[in-house]
Amino acid sequence: MIRIGAKLGAVVMALFVLAGGALADPAIIYDLGGKFDKSFNESAYTGAEGWKARTGGSYREIEIQSEAQREQAIRRLASSGSNPIVMTGFAFASTLAAVAPDFPDTKFAIIDSVVDEPNVRSVVFSEHEGSYLVGVIAGMTTKTNTVGFVGGMGIGLIKRFACGYVQGVKAVNPDIQVIQQMTGSDPSAWNDPVKGSEITKSQVSSGADIVYHAAGGTGVGVLQAAHDAGILGIGVDSNQNHLHPGSVLTSMLKRVDVAVDELFTAGTDLSTGVKVLGVAENGVGYALDEHNAPLIPEDVLAEVEAKRAAIADGNLQVHNYTTDDSCPVN
Amino acid sequence: MDLLVVVQLLDSMLRLSAPLLFACLAGLYSERAGIFDIGLEGKLLASAFFSAAFAAITGSVWLGMAAGITASVLLALIHGVASITFRGNQLISGVAINFLASGLTALIGQNWFKIGGRTPSLSGDARFLPVDLPFASALADVPIIGPLYSDLISGHTILVYVGLLAVPTTWWILFRTRFGLRLRAVGENPEAVDTGGISVTRLRYQATLICGLLCGLGGAYLATGMAAGFIKDMSAGKGFMALAALIFAKWRPGYALYACLLFGLLEAIAIRYQSIQIAGVGTVPVQFMQALPYILTIIILAGFVGKAIPPRAGGVPYVKER
């Protein structure tokens, strides 16, 4: 009996090792907003699926359900042989900094934050540049000279969105008022559409006729409320124009999908260090498709394209909030 | 602060306090009959999910609401069976219902719609849309009364009005009908009711069912009136806020209305005034404004309501004979 048990054990072990060997597959961990937040995480998911369809490879994924699972998820994937491991969201930064040294042979990648470890690739986007562009569109489109911004949490990353947006709006007309509000001060703020819609309603009653959100799943409520109130919303991260065709002015594209695809493609050869994706690298931009084309006339398009080109070749500098924790305009 | 801003604040208050009000009245029936109900949150959530799911599938908000109420009543029955028939611990049963609802809604949602546990966005007839009361647009230009009537009172979804009407109805049922008298008695002194030849079990089940019905309405409002679809854990603690409001209201329907409106108002203020500039102090941080409703709740509960005495037989299973 014991011998059979030992043999079985050996077979299982062998299988496990084989499986482990074959499992140099990439893995991705989604943040609390969830894989289908129609925004940031969903963009990462799109990238991963695109890679899968193109290469025929397979990958592992974990959607964490609570703060406590961050470390657990990274450790579980790393010890089961996944490589590289991509995590979407700044909130993973401190956990990753603690865990990465324990797995020196595994490559990690974090999106939206910088972790200074020899086996970590950090991918950050110049959200201020993309936000500046949608700000220009908003500034040229508003009729009430009041526009709104709904952020998730009042952290540096989101203030970078806000600050870029305000700069874009004010570049068109310094007299336009920008109402800025945050949803909450804990991570549930990324997934609270009821509150998002209530904040939007309050901005509408203060005269805003365009509301830009950078609030993950909360933004679903923002765009819904904007649609209900007959004003325009601006989507974020993914192209959200299709959610309410005709009511979404544009979306600030943050090509998390491109970044994830690239990380997966590089595989175990992934180079480490910091990579910044801005307008010049096509990492951020604005969305234009059949759903919002009627909302953006020729002159607006020409202006925003000019700004885009100016940012790309360095003639126009958009202030980055996180460099000095302040914004030149409000 | 001009009139318009006040009207907008109160308008937002009405919207935000409606789900609390439904849950609070639901708890009131249950607790007045001697059944503590921690599971209000779970019933709200289950109803929110099933109302949004059925509204999305059938395209009719009314069928959705019926499904939501059914789900909520079923959970209420589970609570009833556990705590009335089997004389289990009511707190444990309530907590179990919360866990059950939180897990099941996400699981079924993912299985049905495959978009991460949420339901598709609802539109048109699949949602409760704002109703304009008669003469709302005609009166809009009349000073003071105009904005009050057309902006504040008119223009809510039908369920907000149902919730407001449920307050006097509840008062009338509890304090002016024979059923209400018995219901209150069964929460204070079930032996006396039993001696009078009335079934304690039956009365407590009735109260539990009404509780389920009201939570069902609250959940349907949350998912198909306030928002346009269900997302995981969207009740966000409203059931617990309602329990606090219930204690705060000393288990009385009129006070329950005030308590829920107060909570709604505090939330509306926190949403609207995120950074208030106070001369000499500087800017009040956002975090403080967002914590304000909770801080005020503690202060009010601790200092201003006086002694809140729960129904005497609350939480105690009734045993006819030893």
# chains A, B, ... in the order shown; residues from 1 in each chain; ligands from 1
call {"tool": "closest_atom_pairs", "arguments": {"of": "chain A", "to": "chain B", "cutoff": "10 Å", "atoms": "only C-alpha atoms", "output": "CSV"}}
result
residue,atom,partner,partner_atom,distance
A:Gly34,CA,B:Gly116,CA,7.0
A:Lys35,CA,B:Gly116,CA,6.7
A:Phe36,CA,B:Gly116,CA,5.5
A:Asp37,CA,B:Gly116,CA,8.1
A:Lys38,CA,B:Ile115,CA,9.5
A:Glu63,CA,B:Gly116,CA,9.7
A:Met153,CA,B:Gln287,CA,9.9
A:Gly154,CA,B:Val286,CA,8.1
A:Gln180,CA,B:Gln274,CA,8.9
A:Gln181,CA,B:Gln274,CA,6.7
A:Met182,CA,B:Gln274,CA,7.7
A:Thr183,CA,B:Ile271,CA,7.8
A:Gly184,CA,B:Gln290,CA,6.9
A:Ser185,CA,B:Gln287,CA,6.2
A:Asp186,CA,B:Gln287,CA,9.6
A:Ser188,CA,B:Ala236,CA,9.0
A:Asn191,CA,B:Ile231,CA,8.1
A:Asp192,CA,B:Met234,CA,7.0
A:Pro193,CA,B:Ala227,CA,6.9
A:Val194,CA,B:Ala227,CA,5.5
A:Lys195,CA,B:Ile271,CA,8.1
A:Gly196,CA,B:Ile271,CA,9.5
A:Ser197,CA,B:Ala227,CA,7.5
A:Glu198,CA,B:Ser12,CA,7.5
A:Ile199,CA,B:Ile271,CA,6.1
A:Thr200,CA,B:Arg272,CA,9.8
A:Lys201,CA,B:Ser12,CA,8.5
A:Ser202,CA,B:Arg272,CA,6.4
A:Gln203,CA,B:Arg272,CA,8.2
A:Ser205,CA,B:Gln8,CA,7.2
A:Ser206,CA,B:Val5,CA,8.5
A:Gly217,CA,B:Ile231,CA,9.1
A:Val220,CA,B:Ser121,CA,8.9
A:Gly221,CA,B:Ala227,CA,6.8
A:Gln224,CA,B:Ala228,CA,7.4
A:Ala225,CA,B:Ala227,CA,8.6
A:Asp228,CA,B:Leu129,CA,9.5
A:Leu243,CA,B:Ser121,CA,8.8
call {"tool": "residues_around", "arguments": {"residues": "Lys159 of chain A", "least_positions_apart": "6", "cutoff": "8 Å", "atoms": "only C-alpha atoms", "output": "list in words"}}
result
Gly151, Tyr321 and Thr322 of chain A
call {"tool": "closest_residue", "arguments": {"among": "A:Ala310, A:Val136, A:Leu32, A:Val124", "to": "Arg160 of chain A", "atoms": "only C-alpha atoms"}}
result
A:Val124
call {"tool": "select_by_dssp", "arguments": {"residues": "segment 230-279 of chain A", "states": "alpha helix (DSSP H)", "output": "number ranges by chain"}}
result
A: 256-266
call {"tool": "write_last_selection", "arguments": {"atoms": "C-alpha atoms", "output": "JSON list (two decimals), in the first residue's frame"}}
result
[["chain", "number", "residue", "atom", "x", "y", "z"],
["A", 256, "VAL", "CA", -2.98, 49.40, -21.70],
["A", 257, "ASP", "CA", -3.90, 46.74, -24.26],
["A", 258, "VAL", "CA", -0.88, 47.58, -26.40],
["A", 259, "ALA", "CA", 1.34, 47.58, -23.33],
["A", 260, "VAL", "CA", 0.08, 44.19, -22.11],
["A", 261, "ASP", "CA", 0.40, 42.68, -25.57],
["A", 262, "GLU", "CA", 3.98, 43.91, -25.79],
["A", 263, "LEU", "CA", 4.83, 42.58, -22.32],
["A", 264, "PHE", "CA", 3.37, 39.17, -23.12],
["A", 265, "THR", "CA", 5.12, 39.07, -26.48],
["A", 266, "ALA", "CA", 8.48, 39.82, -24.90]]
call {"tool": "select_by_dssp", "arguments": {"residues": "segment 69-288 of chain B", "states": "strand (DSSP E or B)", "output": "MDAnalysis selection string"}}
result
chainID B and resid 131 156 277:278 282:283
call {"tool": "closest_residue", "arguments": {"among": "B:Ala106, B:Leu14, B:Leu265, B:Ala82", "to": "Thr119 of chain B", "atoms": "only C-alpha atoms"}}
result
B:Ala106
call {"tool": "atom_distance", "arguments": {"atom1": "atom CA of Ile144 of chain B", "atom2": "atom CA of Ile269 of chain B"}}
result
21.5 Å
call {"tool": "decode", "arguments": {"residues": "segment 24-41 of chain B", "atoms": "N, CA and C atoms", "output": "PDB file, in the first residue's frame"}}
result
ATOM      1  N   CYS B  24     -35.096  50.597   5.978  1.00  0.00           N
ATOM      2  CA  CYS B  24     -35.362  50.965   7.363  1.00  0.00           C
ATOM      3  C   CYS B  24     -36.784  50.548   7.760  1.00  0.00           C
ATOM      4  N   LEU B  25     -37.756  50.804   6.894  1.00  0.00           N
ATOM      5  CA  LEU B  25     -39.132  50.396   7.199  1.00  0.00           C
ATOM      6  C   LEU B  25     -39.241  48.873   7.234  1.00  0.00           C
ATOM      7  N   ALA B  26     -38.494  48.218   6.340  1.00  0.00           N
ATOM      8  CA  ALA B  26     -38.489  46.751   6.337  1.00  0.00           C
ATOM      9  C   ALA B  26     -38.024  46.229   7.688  1.00  0.00           C
ATOM     10  N   GLY B  27     -36.905  46.807   8.167  1.00  0.00           N
ATOM     11  CA  GLY B  27     -36.387  46.400   9.456  1.00  0.00           C
ATOM     12  C   GLY B  27     -37.360  46.718  10.572  1.00  0.00           C
ATOM     13  N   LEU B  28     -38.072  47.808  10.404  1.00  0.00           N
ATOM     14  CA  LEU B  28     -39.028  48.218  11.438  1.00  0.00           C
ATOM     15  C   LEU B  28     -40.119  47.167  11.635  1.00  0.00           C
ATOM     16  N   TYR B  29     -40.696  46.682  10.554  1.00  0.00           N
ATOM     17  CA  TYR B  29     -41.736  45.645  10.679  1.00  0.00           C
ATOM     18  C   TYR B  29     -41.163  44.416  11.373  1.00  0.00           C
ATOM     19  N   SER B  30     -39.982  44.002  10.888  1.00  0.00           N
ATOM     20  CA  SER B  30     -39.398  42.769  11.392  1.00  0.00           C
ATOM     21  C   SER B  30     -39.057  42.897  12.878  1.00  0.00           C
ATOM     22  N   GLU B  31     -38.399  43.991  13.227  1.00  0.00           N
ATOM     23  CA  GLU B  31     -37.926  44.118  14.604  1.00  0.00           C
ATOM     24  C   GLU B  31     -39.066  44.416  15.558  1.00  0.00           C
ATOM     25  N   ARG B  32     -40.090  45.109  15.079  1.00  0.00           N
ATOM     26  CA  ARG B  32     -41.250  45.348  15.930  1.00  0.00           C
ATOM     27  C   ARG B  32     -41.939  44.032  16.281  1.00  0.00           C
ATOM     28  N   ALA B  33     -41.780  43.042  15.392  1.00  0.00           N
ATOM     29  CA  ALA B  33     -42.384  41.736  15.663  1.00  0.00           C
ATOM     30  C   ALA B  33     -41.419  40.827  16.420  1.00  0.00           C
ATOM     31  N   GLY B  34     -40.260  41.370  16.780  1.00  0.00           N
ATOM     32  CA  GLY B  34     -39.338  40.603  17.605  1.00  0.00           C
ATOM     33  C   GLY B  34     -38.305  39.807  16.835  1.00  0.00           C
ATOM     34  N   ILE B  35     -38.155  40.078  15.529  1.00  0.00           N
ATOM     35  CA  ILE B  35     -37.139  39.372  14.745  1.00  0.00           C
ATOM     36  C   ILE B  35     -36.075  40.376  14.339  1.00  0.00           C
ATOM     37  N   PHE B  36     -34.908  40.322  14.940  1.00  0.00           N
ATOM     38  CA  PHE B  36     -33.812  41.194  14.515  1.00  0.00           C
ATOM     39  C   PHE B  36     -33.365  40.777  13.126  1.00  0.00           C
ATOM     40  N   ASP B  37     -33.048  41.768  12.319  1.00  0.00           N
ATOM     41  CA  ASP B  37     -32.710  41.444  10.940  1.00  0.00           C
ATOM     42  C   ASP B  37     -31.443  42.153  10.492  1.00  0.00           C
ATOM     43  N   ILE B  38     -30.309  41.455  10.611  1.00  0.00           N
ATOM     44  CA  ILE B  38     -29.034  41.994  10.128  1.00  0.00           C
ATOM     45  C   ILE B  38     -28.975  41.827   8.612  1.00  0.00           C
ATOM     46  N   GLY B  39     -29.865  40.987   8.067  1.00  0.00           N
ATOM     47  CA  GLY B  39     -29.792  40.615   6.656  1.00  0.00           C
ATOM     48  C   GLY B  39     -30.454  41.590   5.697  1.00  0.00           C
ATOM     49  N   LEU B  40     -30.750  42.820   6.144  1.00  0.00           N
ATOM     50  CA  LEU B  40     -31.367  43.795   5.232  1.00  0.00           C
ATOM     51  C   LEU B  40     -30.465  44.025   4.022  1.00  0.00           C
ATOM     52  N   GLU B  41     -29.181  44.146   4.311  1.00  0.00           N
ATOM     53  CA  GLU B  41     -28.192  44.393   3.260  1.00  0.00           C
ATOM     54  C   GLU B  41     -28.251  43.299   2.180  1.00  0.00           C
TER      55      GLU B  41
END
